[in-house]
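Engineer: Contents of upload.csv (CSV, N, CA and C atoms):
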```csv
chain,number,residue,atom,x,y,z
W,1,MET,N,116.5,52.9,156.2
W,1,MET,CA,116.3,53.8,155.1
W,1,MET,C,117.1,55.1,155.4
W,2,ILE,N,117.7,55.7,154.3
W,2,ILE,CA,118.3,57.0,154.4
W,2,ILE,C,117.5,58.0,153.6
W,3,SER,N,117.7,59.3,153.9
W,3,SER,CA,117.0,60.3,153.1
W,3,SER,C,117.9,60.7,151.9
W,4,TRP,N,117.2,61.4,151.0
W,4,TRP,CA,118.0,61.9,149.8
W,4,TRP,C,119.1,62.8,150.3
W,5,GLU,N,118.9,63.6,151.3
W,5,GLU,CA,119.9,64.5,151.8
W,5,GLU,C,121.1,63.7,152.3
W,6,ASP,N,120.9,62.5,152.9
W,6,ASP,CA,122.0,61.7,153.4
W,6,ASP,C,122.8,61.2,152.2
W,7,PHE,N,122.1,60.7,151.1
W,7,PHE,CA,122.8,60.2,149.9
W,7,PHE,C,123.6,61.3,149.3
W,8,GLU,N,123.1,62.5,149.2
W,8,GLU,CA,123.8,63.7,148.6
W,8,GLU,C,125.1,64.0,149.4
W,9,LYS,N,125.2,63.6,150.6
W,9,LYS,CA,126.4,63.9,151.4
W,9,LYS,C,127.6,63.1,150.8
W,10,VAL,N,127.3,61.9,150.2
W,10,VAL,CA,128.4,61.1,149.7
W,10,VAL,C,128.8,61.6,148.3
W,11,GLU,N,130.0,62.0,148.2
W,11,GLU,CA,130.4,62.6,146.9
W,11,GLU,C,131.1,61.4,146.1
W,12,LEU,N,130.4,60.9,145.1
W,12,LEU,CA,130.9,59.9,144.2
W,12,LEU,C,131.2,60.5,142.9
W,13,ARG,N,132.5,60.4,142.5
W,13,ARG,CA,132.9,61.1,141.2
W,13,ARG,C,133.7,60.1,140.4
W,14,VAL,N,133.7,60.4,139.1
W,14,VAL,CA,134.4,59.6,138.1
W,14,VAL,C,135.8,60.2,138.0
W,15,GLY,N,136.8,59.3,137.9
W,15,GLY,CA,138.2,59.7,137.7
W,15,GLY,C,138.9,58.7,136.8
W,16,THR,N,140.0,59.1,136.3
W,16,THR,CA,140.8,58.2,135.4
W,16,THR,C,142.1,57.8,136.1
W,17,ILE,N,142.4,56.5,136.2
W,17,ILE,CA,143.6,56.0,136.8
W,17,ILE,C,144.8,56.4,135.9
W,18,VAL,N,145.7,57.2,136.5
W,18,VAL,CA,146.9,57.7,135.7
W,18,VAL,C,148.2,57.0,136.2
W,19,ASP,N,148.2,56.3,137.3
W,19,ASP,CA,149.4,55.6,137.8
W,19,ASP,C,149.0,54.4,138.6
W,20,VAL,N,149.7,53.4,138.5
W,20,VAL,CA,149.5,52.1,139.2
W,20,VAL,C,150.9,51.6,139.7
W,21,GLN,N,151.0,51.4,141.0
W,21,GLN,CA,152.2,50.9,141.6
W,21,GLN,C,151.9,49.7,142.5
W,22,ALA,N,152.8,48.8,142.6
W,22,ALA,CA,152.6,47.6,143.5
W,22,ALA,C,152.6,48.2,144.9
W,23,PHE,N,152.0,47.5,145.8
W,23,PHE,CA,151.9,47.9,147.2
W,23,PHE,C,152.3,46.7,148.1
W,24,PRO,N,153.6,46.4,148.0
W,24,PRO,CA,154.1,45.2,148.7
W,24,PRO,C,153.9,45.2,150.2
W,25,GLU,N,153.8,46.4,150.8
W,25,GLU,CA,153.6,46.5,152.3
W,25,GLU,C,152.2,46.1,152.7
W,26,ALA,N,151.3,46.0,151.8
W,26,ALA,CA,149.9,45.8,152.2
W,26,ALA,C,149.7,44.3,152.7
W,27,ARG,N,148.8,44.1,153.6
W,27,ARG,CA,148.6,42.8,154.2
W,27,ARG,C,148.0,41.8,153.1
W,28,LYS,N,147.1,42.3,152.3
W,28,LYS,CA,146.6,41.5,151.2
W,28,LYS,C,147.1,42.2,149.9
W,29,PRO,N,147.2,41.4,148.8
W,29,PRO,CA,147.7,42.0,147.6
W,29,PRO,C,146.9,43.2,147.1
W,30,ALA,N,147.6,44.3,146.8
W,30,ALA,CA,146.9,45.5,146.5
W,30,ALA,C,147.8,46.4,145.5
W,31,TYR,N,147.2,47.4,144.9
W,31,TYR,CA,147.9,48.4,144.2
W,31,TYR,C,147.7,49.7,144.8
W,32,LYS,N,148.7,50.6,144.6
W,32,LYS,CA,148.6,52.0,144.9
W,32,LYS,C,148.2,52.7,143.6
W,33,LEU,N,147.1,53.4,143.6
W,33,LEU,CA,146.6,54.1,142.5
W,33,LEU,C,146.7,55.6,142.6
W,34,LYS,N,146.9,56.3,141.5
W,34,LYS,CA,146.6,57.7,141.4
W,34,LYS,C,145.5,57.9,140.4
W,35,VAL,N,144.5,58.6,140.8
W,35,VAL,CA,143.3,58.8,140.0
W,35,VAL,C,143.1,60.3,139.8
W,36,ASP,N,142.9,60.7,138.5
W,36,ASP,CA,142.7,62.1,138.1
W,36,ASP,C,141.3,62.4,138.1
W,37,PHE,N,140.8,63.3,139.0
W,37,PHE,CA,139.5,63.8,139.1
W,37,PHE,C,139.2,65.1,138.5
W,38,GLY,N,140.1,65.6,137.6
W,38,GLY,CA,139.9,66.8,136.9
W,38,GLY,C,140.4,68.0,137.6
W,39,PRO,N,140.2,69.2,137.0
W,39,PRO,CA,140.8,70.4,137.6
W,39,PRO,C,140.3,70.8,139.0
W,40,GLU,N,139.0,70.5,139.3
W,40,GLU,CA,138.5,70.9,140.6
W,40,GLU,C,139.1,70.1,141.8
W,41,LEU,N,139.4,68.8,141.6
W,41,LEU,CA,139.9,68.0,142.7
W,41,LEU,C,141.3,67.5,142.5
W,42,GLY,N,141.8,67.5,141.2
W,42,GLY,CA,143.1,67.0,140.9
W,42,GLY,C,143.3,65.5,141.0
W,43,VAL,N,144.5,65.1,141.3
W,43,VAL,CA,144.9,63.7,141.4
W,43,VAL,C,144.9,63.3,142.8
W,44,ARG,N,144.3,62.2,143.1
W,44,ARG,CA,144.2,61.7,144.5
W,44,ARG,C,144.7,60.2,144.5
W,45,LYS,N,145.2,59.8,145.6
W,45,LYS,CA,145.7,58.5,145.8
W,45,LYS,C,144.7,57.5,146.5
W,46,SER,N,144.8,56.3,146.1
W,46,SER,CA,143.9,55.3,146.7
W,46,SER,C,144.7,53.9,146.7
W,47,SER,N,144.4,53.1,147.6
W,47,SER,CA,144.8,51.7,147.7
W,47,SER,C,143.7,50.8,147.3
W,48,ALA,N,143.9,49.8,146.5
W,48,ALA,CA,142.8,48.9,146.1
W,48,ALA,C,143.3,47.5,146.0
W,49,GLN,N,142.5,46.6,146.6
W,49,GLN,CA,142.8,45.1,146.6
W,49,GLN,C,142.1,44.5,145.3
W,50,ILE,N,142.6,44.8,144.2
W,50,ILE,CA,142.0,44.4,142.9
W,50,ILE,C,142.9,43.6,142.0
W,51,THR,N,143.9,43.0,142.6
W,51,THR,CA,145.0,42.3,141.9
W,51,THR,C,144.5,41.0,141.2
W,52,ASP,N,143.4,40.4,141.7
W,52,ASP,CA,142.8,39.2,141.1
W,52,ASP,C,142.3,39.4,139.7
W,53,LEU,N,141.7,40.5,139.4
W,53,LEU,CA,141.1,40.7,138.1
W,53,LEU,C,141.9,41.7,137.2
W,54,TYR,N,142.8,42.5,137.8
W,54,TYR,CA,143.4,43.5,137.0
W,54,TYR,C,145.0,43.5,137.1
W,55,ASP,N,145.6,43.7,136.0
W,55,ASP,CA,147.1,43.9,136.1
W,55,ASP,C,147.3,45.4,135.9
W,56,ARG,N,148.5,45.8,136.1
W,56,ARG,CA,148.8,47.3,136.1
W,56,ARG,C,148.5,47.9,134.8
W,57,GLU,N,148.8,47.2,133.7
W,57,GLU,CA,148.6,47.8,132.3
W,57,GLU,C,147.1,48.0,132.0
W,58,SER,N,146.2,47.0,132.5
W,58,SER,CA,144.8,47.1,132.2
W,58,SER,C,144.1,48.2,133.0
W,59,LEU,N,144.8,48.7,134.1
W,59,LEU,CA,144.2,49.7,134.9
W,59,LEU,C,144.5,51.1,134.4
W,60,LEU,N,145.7,51.3,133.8
W,60,LEU,CA,146.0,52.7,133.3
W,60,LEU,C,145.0,53.2,132.3
W,61,GLY,N,144.5,54.3,132.5
W,61,GLY,CA,143.5,54.9,131.6
W,61,GLY,C,142.1,54.5,131.9
W,62,LYS,N,141.8,53.6,132.8
W,62,LYS,CA,140.5,53.2,133.2
W,62,LYS,C,139.8,54.2,134.0
W,63,GLN,N,138.5,54.5,133.7
W,63,GLN,CA,137.7,55.4,134.5
W,63,GLN,C,137.1,54.6,135.6
W,64,VAL,N,137.0,55.1,136.8
W,64,VAL,CA,136.4,54.5,138.0
W,64,VAL,C,135.6,55.4,138.7
W,65,LEU,N,134.7,54.9,139.6
W,65,LEU,CA,133.8,55.7,140.4
W,65,LEU,C,134.4,55.6,141.8
W,66,ALA,N,134.6,56.8,142.5
W,66,ALA,CA,135.2,56.8,143.8
W,66,ALA,C,134.5,57.8,144.7
W,67,VAL,N,134.6,57.5,146.0
W,67,VAL,CA,134.1,58.4,147.0
W,67,VAL,C,135.3,59.4,147.3
W,68,THR,N,135.0,60.7,147.1
W,68,THR,CA,136.1,61.7,147.1
W,68,THR,C,136.0,62.6,148.4
W,69,ASN,N,135.0,62.4,149.2
W,69,ASN,CA,134.9,63.3,150.4
W,69,ASN,C,135.0,62.5,151.7
W,70,PHE,N,135.6,61.4,151.7
W,70,PHE,CA,136.0,60.8,153.0
W,70,PHE,C,137.3,61.4,153.4
W,71,PRO,N,137.6,61.5,154.7
W,71,PRO,CA,138.9,62.0,155.2
W,71,PRO,C,140.0,61.0,154.7
W,72,PRO,N,141.2,61.5,154.6
W,72,PRO,CA,142.3,60.6,154.2
W,72,PRO,C,142.5,59.5,155.3
W,73,LYS,N,142.9,58.3,154.8
W,73,LYS,CA,143.0,57.2,155.7
W,73,LYS,C,144.4,56.6,155.5
W,74,GLN,N,145.1,56.4,156.6
W,74,GLN,CA,146.4,55.8,156.6
W,74,GLN,C,146.3,54.3,156.5
W,75,ILE,N,146.9,53.7,155.5
W,75,ILE,CA,146.9,52.3,155.3
W,75,ILE,C,148.4,51.9,155.3
W,76,GLY,N,148.9,51.5,156.4
W,76,GLY,CA,150.3,51.2,156.5
W,76,GLY,C,151.1,52.4,156.3
W,77,PRO,N,152.1,52.4,155.3
W,77,PRO,CA,152.9,53.6,155.0
W,77,PRO,C,152.2,54.5,154.0
W,78,PHE,N,151.0,54.2,153.6
W,78,PHE,CA,150.4,54.9,152.4
W,78,PHE,C,149.2,55.6,152.9
W,79,LEU,N,149.0,56.9,152.5
W,79,LEU,CA,147.9,57.7,152.8
W,79,LEU,C,146.9,57.7,151.7
W,80,SER,N,145.7,57.1,151.9
W,80,SER,CA,144.7,57.0,150.8
W,80,SER,C,143.8,58.2,150.9
W,81,GLU,N,143.5,58.9,149.8
W,81,GLU,CA,142.8,60.1,149.7
W,81,GLU,C,141.4,60.0,149.1
W,82,CYS,N,141.0,58.8,148.6
W,82,CYS,CA,139.7,58.5,148.1
W,82,CYS,C,139.5,57.0,148.2
W,83,LEU,N,138.2,56.6,148.0
W,83,LEU,CA,137.9,55.2,148.0
W,83,LEU,C,137.3,54.8,146.7
W,84,VAL,N,138.1,54.0,145.9
W,84,VAL,CA,137.7,53.5,144.6
W,84,VAL,C,136.6,52.4,144.9
W,85,THR,N,135.5,52.5,144.2
W,85,THR,CA,134.4,51.5,144.5
W,85,THR,C,134.5,50.3,143.6
W,86,GLY,N,134.0,49.2,144.2
W,86,GLY,CA,134.0,47.9,143.5
W,86,GLY,C,133.0,47.0,144.0
W,87,VAL,N,132.8,45.9,143.3
W,87,VAL,CA,131.8,44.9,143.7
W,87,VAL,C,132.5,43.5,143.8
W,88,GLN,N,132.2,42.8,144.8
W,88,GLN,CA,132.8,41.5,145.0
W,88,GLN,C,132.1,40.4,144.1
W,89,THR,N,132.9,39.6,143.4
W,89,THR,CA,132.4,38.5,142.6
W,89,THR,C,132.1,37.3,143.6
W,90,GLU,N,131.5,36.3,143.0
W,90,GLU,CA,131.2,35.1,143.8
W,90,GLU,C,132.5,34.5,144.4
W,91,ASP,N,133.6,34.5,143.7
W,91,ASP,CA,134.8,33.9,144.3
W,91,ASP,C,135.6,34.9,145.1
W,92,GLY,N,135.1,36.1,145.4
W,92,GLY,CA,135.8,37.0,146.3
W,92,GLY,C,136.6,38.1,145.6
W,93,ALA,N,136.8,38.0,144.3
W,93,ALA,CA,137.6,39.0,143.6
W,93,ALA,C,136.8,40.3,143.6
W,94,VAL,N,137.4,41.4,143.3
W,94,VAL,CA,136.7,42.7,143.3
W,94,VAL,C,136.8,43.3,141.8
W,95,THR,N,135.6,43.6,141.3
W,95,THR,CA,135.5,44.2,140.0
W,95,THR,C,135.2,45.7,140.2
W,96,LEU,N,135.9,46.6,139.5
W,96,LEU,CA,135.7,48.0,139.7
W,96,LEU,C,134.4,48.5,139.1
W,97,VAL,N,133.8,49.6,139.7
W,97,VAL,CA,132.6,50.2,139.2
W,97,VAL,C,133.1,51.4,138.3
W,98,SER,N,132.6,51.4,137.1
W,98,SER,CA,133.1,52.4,136.1
W,98,SER,C,131.9,52.7,135.2
W,99,PRO,N,132.0,53.9,134.5
W,99,PRO,CA,130.9,54.3,133.6
W,99,PRO,C,131.0,53.4,132.3
W,100,ASP,N,129.9,53.2,131.6
W,100,ASP,CA,129.9,52.4,130.4
W,100,ASP,C,130.6,53.2,129.2
W,101,THR,N,130.5,54.5,129.3
W,101,THR,CA,131.1,55.3,128.2
W,101,THR,C,131.9,56.4,128.9
W,102,PRO,N,133.0,56.9,128.3
W,102,PRO,CA,133.8,57.9,128.9
W,102,PRO,C,133.1,59.2,129.2
W,103,VAL,N,133.4,59.7,130.4
W,103,VAL,CA,132.8,61.0,130.8
W,103,VAL,C,133.9,61.9,131.3
W,104,PRO,N,133.8,63.2,131.4
W,104,PRO,CA,134.8,64.1,131.9
W,104,PRO,C,135.2,63.7,133.4
W,105,ASN,N,136.5,63.7,133.7
W,105,ASN,CA,136.9,63.5,135.1
W,105,ASN,C,136.3,64.5,136.0
W,106,GLY,N,135.9,64.0,137.2
W,106,GLY,CA,135.3,64.8,138.2
W,106,GLY,C,133.8,64.8,138.2
W,107,ARG,N,133.1,64.3,137.2
W,107,ARG,CA,131.7,64.3,137.2
W,107,ARG,C,131.1,63.5,138.3
W,108,LYS,N,130.0,64.0,138.9
W,108,LYS,CA,129.4,63.4,140.1
W,108,LYS,C,128.3,62.3,139.7
W,109,LEU,N,128.2,61.3,140.5
W,109,LEU,CA,127.1,60.4,140.3
W,109,LEU,C,125.9,61.0,141.0
W,110,PHE,N,124.8,60.9,140.3
W,110,PHE,CA,123.5,61.4,140.9
W,110,PHE,C,122.4,60.5,140.6
```
Show me the file's structure as structure tokens.

Structural biologist:
Amino acid sequence: MISWEDFEKVELRVGTIVDVQAFPEARKPAYKLKVDFGPELGVRKSSAQITDLYDRESLLGKQVLAVTNFPPKQIGPFLSECLVTGVQTEDGAVTLVSPDTPVPNGRKLF
């Protein structure tokens, strides 16, 4: 069990995917994403292994939920600045976590 204070330390915010690029250097098929978290946080980069369910066009403009207060992580030649969240399906594909209706970029999960 964790405390409410522990949960509050994880900053989960909504952002909109504004750029999607192939990531051929990744060990597993992945995209390099740029996610806009609004004026407070700006645009951050993330790598995501979501190629099974999404193509580049379907990701542009999609809102996602991401952890924005992890330290940057080097993934091969790419520096990831946030962790986009997803849930694994029965066959191992990853489906992204996103709000049901549009919300302003940067809003926190609570």

Engineer: Using all atoms listed in the file for the distances, tell me which of W:Pro39, W:Pro29, W:Gly15, W:Pro24 is nearest to Pro99 in chain W.

Structural biologist: W:Gly15

Engineer: Interatomic distance between CA of Ser47 in chain W and atom C of Thr68 in chain W?

Structural biologist: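 Atom C of Thr68 in chain W lies at a distance of 14.0 Å from CA of Ser47 in chain W.
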
Engineer: According to DSSP computed on the backbone, where in chain W is there helix (DSSP H, G or I)? Give the residues as a PyMOL selection string.

Structural biologist: chain W and resi 4-9+38-41+56-59

Engineer: Using Å and a single decimal, report how far atom N of Leu96 in chain W sits from atom C of Phe37 in chain W.

Structural biologist: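 Atom-to-atom, atom C of Phe37 in chain W and atom N of Leu96 in chain W are spaced 18.8 Å apart.
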
Engineer: Which of range 20-103 of chain W end up as strand (DSSP E) when DSSP is run on this backbone - answer as a ChimeraX atom specification?

Structural biologist: /W:20-22,31-36,43-48,63-67,73-75,78-80,83-84,86-88,94-96

Engineer: How about saving the chosen residues, N, CA and C atoms kept, as a short mmCIF file (atom, residue, chain, number, x, y, z; two decimals), in the frame of the given file?

Structural biologist:
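Full text of part_38.cif as output:
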```cif
data_model
loop_
_atom_site.label_atom_id
_atom_site.label_comp_id
_atom_site.auth_asym_id
_atom_site.auth_seq_id
_atom_site.Cartn_x
_atom_site.Cartn_y
_atom_site.Cartn_z
N VAL W 20 149.70 53.40 138.50
CA VAL W 20 149.50 52.10 139.20
C VAL W 20 150.90 51.60 139.70
N GLN W 21 151.00 51.40 141.00
CA GLN W 21 152.20 50.90 141.60
C GLN W 21 151.90 49.70 142.50
N ALA W 22 152.80 48.80 142.60
CA ALA W 22 152.60 47.60 143.50
C ALA W 22 152.60 48.20 144.90
N TYR W 31 147.20 47.40 144.90
CA TYR W 31 147.90 48.40 144.20
C TYR W 31 147.70 49.70 144.80
N LYS W 32 148.70 50.60 144.60
CA LYS W 32 148.60 52.00 144.90
C LYS W 32 148.20 52.70 143.60
N LEU W 33 147.10 53.40 143.60
CA LEU W 33 146.60 54.10 142.50
C LEU W 33 146.70 55.60 142.60
N LYS W 34 146.90 56.30 141.50
CA LYS W 34 146.60 57.70 141.40
C LYS W 34 145.50 57.90 140.40
N VAL W 35 144.50 58.60 140.80
CA VAL W 35 143.30 58.80 140.00
C VAL W 35 143.10 60.30 139.80
N ASP W 36 142.90 60.70 138.50
CA ASP W 36 142.70 62.10 138.10
C ASP W 36 141.30 62.40 138.10
N VAL W 43 144.50 65.10 141.30
CA VAL W 43 144.90 63.70 141.40
C VAL W 43 144.90 63.30 142.80
N ARG W 44 144.30 62.20 143.10
CA ARG W 44 144.20 61.70 144.50
C ARG W 44 144.70 60.20 144.50
N LYS W 45 145.20 59.80 145.60
CA LYS W 45 145.70 58.50 145.80
C LYS W 45 144.70 57.50 146.50
N SER W 46 144.80 56.30 146.10
CA SER W 46 143.90 55.30 146.70
C SER W 46 144.70 53.90 146.70
N SER W 47 144.40 53.10 147.60
CA SER W 47 144.80 51.70 147.70
C SER W 47 143.70 50.80 147.30
N ALA W 48 143.90 49.80 146.50
CA ALA W 48 142.80 48.90 146.10
C ALA W 48 143.30 47.50 146.00
N GLN W 63 138.50 54.50 133.70
CA GLN W 63 137.70 55.40 134.50
C GLN W 63 137.10 54.60 135.60
N VAL W 64 137.00 55.10 136.80
CA VAL W 64 136.40 54.50 138.00
C VAL W 64 135.60 55.40 138.70
N LEU W 65 134.70 54.90 139.60
CA LEU W 65 133.80 55.70 140.40
C LEU W 65 134.40 55.60 141.80
N ALA W 66 134.60 56.80 142.50
CA ALA W 66 135.20 56.80 143.80
C ALA W 66 134.50 57.80 144.70
N VAL W 67 134.60 57.50 146.00
CA VAL W 67 134.10 58.40 147.00
C VAL W 67 135.30 59.40 147.30
N LYS W 73 142.90 58.30 154.80
CA LYS W 73 143.00 57.20 155.70
C LYS W 73 144.40 56.60 155.50
N GLN W 74 145.10 56.40 156.60
CA GLN W 74 146.40 55.80 156.60
C GLN W 74 146.30 54.30 156.50
N ILE W 75 146.90 53.70 155.50
CA ILE W 75 146.90 52.30 155.30
C ILE W 75 148.40 51.90 155.30
N PHE W 78 151.00 54.20 153.60
CA PHE W 78 150.40 54.90 152.40
C PHE W 78 149.20 55.60 152.90
N LEU W 79 149.00 56.90 152.50
CA LEU W 79 147.90 57.70 152.80
C LEU W 79 146.90 57.70 151.70
N SER W 80 145.70 57.10 151.90
CA SER W 80 144.70 57.00 150.80
C SER W 80 143.80 58.20 150.90
N LEU W 83 138.20 56.60 148.00
CA LEU W 83 137.90 55.20 148.00
C LEU W 83 137.30 54.80 146.70
N VAL W 84 138.10 54.00 145.90
CA VAL W 84 137.70 53.50 144.60
C VAL W 84 136.60 52.40 144.90
N GLY W 86 134.00 49.20 144.20
CA GLY W 86 134.00 47.90 143.50
C GLY W 86 133.00 47.00 144.00
N VAL W 87 132.80 45.90 143.30
CA VAL W 87 131.80 44.90 143.70
C VAL W 87 132.50 43.50 143.80
N GLN W 88 132.20 42.80 144.80
CA GLN W 88 132.80 41.50 145.00
C GLN W 88 132.10 40.40 144.10
N VAL W 94 137.40 41.40 143.30
CA VAL W 94 136.70 42.70 143.30
C VAL W 94 136.80 43.30 141.80
N THR W 95 135.60 43.60 141.30
CA THR W 95 135.50 44.20 140.00
C THR W 95 135.20 45.70 140.20
N LEU W 96 135.90 46.60 139.50
CA LEU W 96 135.70 48.00 139.70
C LEU W 96 134.40 48.50 139.10
#
```

Engineer: Residues within 6 Å of Thr95 in chain W, please, as JSON, numbers by chain. Count all atoms listed in the file; anything in the same chain fewer than 3 positions from it doesn't count.

Structural biologist: {"W": [85, 86, 87, 88, 89]}

Engineer: Give me, as a list in words, all polymer residues having an atom no more than 7 Å from Phe70 in chain W, counting all atoms listed in the file and skipping those fewer than 3 positions away in the same chain.

Structural biologist: Glu11, Val67, Lys73, Glu81, Cys82 and Leu83 of chain W

Engineer: Would you compute the distance between CA of Lys45 in chain W and CA of Phe23 in chain W? Give it in Å to one decimal.

Structural biologist: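 It comes out at 12.4 Å.
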
Engineer: Which residues are close to Ser58 in chain W, i.e. within 12 Å by only C-alpha atoms, leaving aside same-chain residues fewer than 2 positions away? Reply as number ranges by chain.

Structural biologist: W: 17-20, 50-51, 53-56, 60-63, 96

Engineer: Using only C-alpha atoms, what residues lie at most 7 Å away from (141.9, 46.4, 143.4) (file coordinates), given as a list in words?

Structural biologist: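 Residues close enough to count: Ala30, Tyr31, Ala48, Gln49, Ile50, Thr51 and Val94 of chain W.
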
Engineer: Excluding Val10 in chain W and residues on its chain fewer than 3 positions from it, collect all residues at most 8 Å away from it, counting all atoms listed in the file, and give them as a tab-separated table (two decimals) with N, CA and C atoms, in the coordinates of the input.

Structural biologist:
```
chain	number	residue	atom	x	y	z
W	5	GLU	N	118.90	63.60	151.30
W	5	GLU	CA	119.90	64.50	151.80
W	5	GLU	C	121.10	63.70	152.30
W	6	ASP	N	120.90	62.50	152.90
W	6	ASP	CA	122.00	61.70	153.40
W	6	ASP	C	122.80	61.20	152.20
W	7	PHE	N	122.10	60.70	151.10
W	7	PHE	CA	122.80	60.20	149.90
W	7	PHE	C	123.60	61.30	149.30
W	13	ARG	N	132.50	60.40	142.50
W	13	ARG	CA	132.90	61.10	141.20
W	13	ARG	C	133.70	60.10	140.40
W	66	ALA	N	134.60	56.80	142.50
W	66	ALA	CA	135.20	56.80	143.80
W	66	ALA	C	134.50	57.80	144.70
W	67	VAL	N	134.60	57.50	146.00
W	67	VAL	CA	134.10	58.40	147.00
W	67	VAL	C	135.30	59.40	147.30
W	68	THR	N	135.00	60.70	147.10
W	68	THR	CA	136.10	61.70	147.10
W	68	THR	C	136.00	62.60	148.40
W	69	ASN	N	135.00	62.40	149.20
W	69	ASN	CA	134.90	63.30	150.40
W	69	ASN	C	135.00	62.50	151.70
W	70	PHE	N	135.60	61.40	151.70
W	70	PHE	CA	136.00	60.80	153.00
W	70	PHE	C	137.30	61.40	153.40
W	109	LEU	N	128.20	61.30	140.50
W	109	LEU	CA	127.10	60.40	140.30
W	109	LEU	C	125.90	61.00	141.00
```
